[in-house]
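Undergrad: Pasting a structure below so you can have a look.
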Amino acid sequence: MQRGTNFSYVFLSVILISVISIIHANLVHRRFEYKYSFKPPYLAQKDGSVPFWEYGGNAIASSDNVRIAPSLKSQKGAIWTKTPTNFEWWDVDIAFRVTGRGRIGADGLAFWFTQNKGAYDGDVFGSSDRWVGLGLFFDSFDNDNKHNNPYIMAVVNDGTKNFDHQNDGTTQALAGCLRDFRNKPFPTRARVEYYQNILTVLFNNGMNNNEQEYEMCFRAENVFLPKNGYFGVSAATGGLADDHDVVHILTSSLYQPGQIQQAQQIGEEQDKINREYQDYQRKLEQQKADYRKEHPDKAKPEDSDDWFETDDQRELKQIFQGQIQIHQVVKELSRKLDEIVGRQERTMSLITQQASGLAHGQVPPPPPPGQVPQGGYGADTIRRHEVDAMFNSQNQIAGLLNELKQFSHELKGKCDTILMNQAKAPTAQVQSVGYDTQSLISELRDSLNHVKVGVQQVHQRIGNEDGCPKVNCVTMTSVLVVVAIQLAIILGYNIYRDSKESQSKKFY
Ligand SMILES: [Ca+2]
Ligand SMILES: [Ca+2]
């Protein structure tokens, strides 16, 4: 018993370990890379520099964002990481705003992952042409006049191609999607993932501030980018000008589960720097707090801006909130509509299957118990003509029954007659003579009986009165003679009639 329990424990453990290892194998390890990231607050330091990043051209960094290109004519700017990456696979979340007063804007913003840093005043959205690696372009302006901008598009270059501005890069694009990213209530966000040579770009159009919500822009396989490179963002304006602000860039390195141990040693040093960075942030907070304490008069107006909002701001916020709710309701409706369409398609396919089955002479299967059979052409229901046929056959049966009834009445009458006749002739022999003759003979017999009875009464009366009365009595002899004459006449008539009938039959 003890042995069996031990065995089951071992067995369960083996299963558990294998399940864990399978889950483990499917997970991607992710590590936040602070050296390739920036985010507010305190994005830029007091001297205007952004830790671990370099910017140039017309770019300006503030504590809340980096304005890569301001809304002035012909501006160019860029921001690049100081060091190249030391990881192969990565995912970058970039939040940005492209805002302008015009119905259309220019030129656009680009996210880069290139072997070398680009220029700060280049020809391709503010950066260098003939790059080696990936350029992901948020192209606001419609150069080729195909009415397909703003457009998001990836172009992979090996350093030999010049960007095709005339056609908005459509001749060189790896993949793309048509999305509007200008003038949105919340920052628009793109999530660029490069893992196992698969490049995926997800997008949030800035209509809500849900950080987990993205929609697919594109997914491209067999993409080969430099193993190590620099991340960068650049932007440019032209005759038309938008503000191009980057709110944050959050980079994570991605590892296969086996890789993480090797990366551990490298990670230890990074953890140390990370702790130092956090200490620095804490100290900065402390310094700010101290400054506010020492200079309460200076701190007040700065803070009071944050405490109060104008009527316009409040109204806008309310409008945004209302729009977010509408957006969510519409999304929910769309999801339900998809469900309904799916169900309808399933039902249609079932009906088609049944119809085709009937067409091939197959009997449809009976519906499962507790389920109403489906209508339609293939359903097993009674038809009008079948009901009519049933009524007709019922009427016919009723008529037949009536006929049978009449027939049985007649039969009964006949039987009664036969029974009466048999009662009159108990021998039940079939009479050879005709019916009339037989009745005549019966009448004769009755009359004779009457006569007999009469004679006997007369005899009795004679015996009682001692001799004949004074009136003339009819003698026995005369009575007998009268009877004999009567009989002879009747018999003679009968014989005459029979001979007449036989004579008349001969003519037929
Ligand atoms: Ca363009
Ligand atoms: Ca275009």
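As shown in the structure tokens, the chain order sets the letters A, B, ...; within each chain, residues go from 1, and ligands are also counted from 1 in the order they appear.
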Would you name the residues within 8 Å of ligand 1, counting only C-alpha atoms and all ligand atoms, and put them as a PDB file with N, CA and C atoms, in the first residue's frame?
TA:
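The resulting out.pdb:
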ATOM      1  N   ALA A 106       2.152  67.559 -42.153  1.00  0.00           N
ATOM      2  CA  ALA A 106       3.351  67.019 -42.817  1.00  0.00           C
ATOM      3  C   ALA A 106       4.526  67.070 -41.845  1.00  0.00           C
ATOM      4  N   ASP A 107       5.608  66.406 -42.111  1.00  0.00           N
ATOM      5  CA  ASP A 107       5.693  65.313 -43.092  1.00  0.00           C
ATOM      6  C   ASP A 107       5.378  63.974 -42.425  1.00  0.00           C
ATOM      7  N   GLY A 108       5.835  63.864 -41.172  1.00  0.00           N
ATOM      8  CA  GLY A 108       5.596  62.626 -40.457  1.00  0.00           C
ATOM      9  C   GLY A 108       6.731  62.289 -39.517  1.00  0.00           C
ATOM     10  N   ASP A 139       3.605  58.290 -41.936  1.00  0.00           N
ATOM     11  CA  ASP A 139       3.652  59.270 -43.026  1.00  0.00           C
ATOM     12  C   ASP A 139       2.341  60.055 -43.079  1.00  0.00           C
ATOM     13  N   SER A 140       2.407  61.345 -42.725  1.00  0.00           N
ATOM     14  CA  SER A 140       1.183  62.170 -42.675  1.00  0.00           C
ATOM     15  C   SER A 140       0.792  62.681 -44.055  1.00  0.00           C
ATOM     16  N   PHE A 141       1.803  63.035 -44.857  1.00  0.00           N
ATOM     17  CA  PHE A 141       1.515  63.772 -46.085  1.00  0.00           C
ATOM     18  C   PHE A 141       1.429  62.849 -47.308  1.00  0.00           C
ATOM     19  N   ASP A 142       0.409  63.122 -48.136  1.00  0.00           N
ATOM     20  CA  ASP A 142       0.111  62.263 -49.286  1.00  0.00           C
ATOM     21  C   ASP A 142       0.871  62.757 -50.520  1.00  0.00           C
ATOM     22  N   ASN A 143       2.140  62.333 -50.680  1.00  0.00           N
ATOM     23  CA  ASN A 143       2.954  62.799 -51.803  1.00  0.00           C
ATOM     24  C   ASN A 143       2.458  62.282 -53.142  1.00  0.00           C
ATOM     25  N   ASP A 144       2.015  61.013 -53.183  1.00  0.00           N
ATOM     26  CA  ASP A 144       1.617  60.421 -54.476  1.00  0.00           C
ATOM     27  C   ASP A 144       0.141  60.674 -54.802  1.00  0.00           C
ATOM     28  N   ASN A 149      -3.228  58.564 -47.051  1.00  0.00           N
ATOM     29  CA  ASN A 149      -2.427  58.986 -45.902  1.00  0.00           C
ATOM     30  C   ASN A 149      -3.356  59.638 -44.883  1.00  0.00           C
ATOM     31  N   HIS A 165      10.308  58.847 -52.126  1.00  0.00           N
ATOM     32  CA  HIS A 165       9.362  59.851 -51.614  1.00  0.00           C
ATOM     33  C   HIS A 165       8.181  60.062 -52.549  1.00  0.00           C
ATOM     34  N   GLN A 166       8.440  60.023 -53.895  1.00  0.00           N
ATOM     35  CA  GLN A 166       7.400  60.327 -54.875  1.00  0.00           C
ATOM     36  C   GLN A 166       6.186  59.414 -54.718  1.00  0.00           C
ATOM     37  N   ASN A 167       6.483  58.142 -54.384  1.00  0.00           N
ATOM     38  CA  ASN A 167       5.395  57.162 -54.242  1.00  0.00           C
ATOM     39  C   ASN A 167       5.092  56.850 -52.776  1.00  0.00           C
ATOM     40  N   ASP A 168       5.510  57.742 -51.861  1.00  0.00           N
ATOM     41  CA  ASP A 168       5.313  57.507 -50.427  1.00  0.00           C
ATOM     42  C   ASP A 168       5.894  56.163 -49.986  1.00  0.00           C
ATOM     43  N   GLY A 169       6.935  55.685 -50.685  1.00  0.00           N
ATOM     44  CA  GLY A 169       7.624  54.450 -50.302  1.00  0.00           C
ATOM     45  C   GLY A 169       6.872  53.173 -50.592  1.00  0.00           C
TER      46      GLY A 169
END
Undergrad: Name all residues at most 9 Å from Asn65 in chain A (count only C-alpha atoms; drop same-chain ones fewer than 6 positions away) and give them as an NGL selection string.
TA: :A and (39-41 or 43-44 or 96 or 245-248)
Undergrad: Could you write out, as a list of chain:residue names, all the residues of range 216-328 of chain A that DSSP marks as strand (DSSP E or B)?
TA: A:Met216, A:Cys217, A:Phe218, A:Arg219, A:Ala220, A:Tyr230, A:Phe231, A:Gly232, A:Val233, A:Ser234, A:Ala235, A:Ala236, A:Asp243, A:His244, A:Asp245, A:Val246, A:Val247, A:His248, A:Ile249, A:Leu250, A:Thr251, A:Ser252, A:Ser253, A:Leu254, A:Tyr255
Undergrad: Under the rule that only C-alpha atoms are counted, which of A:Met153, A:Ile326, A:Val482, A:Leu254 is the nearest residue to Phe218 in chain A?
TA: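 Smallest separation from Phe218 in chain A among the options: A:Met153.
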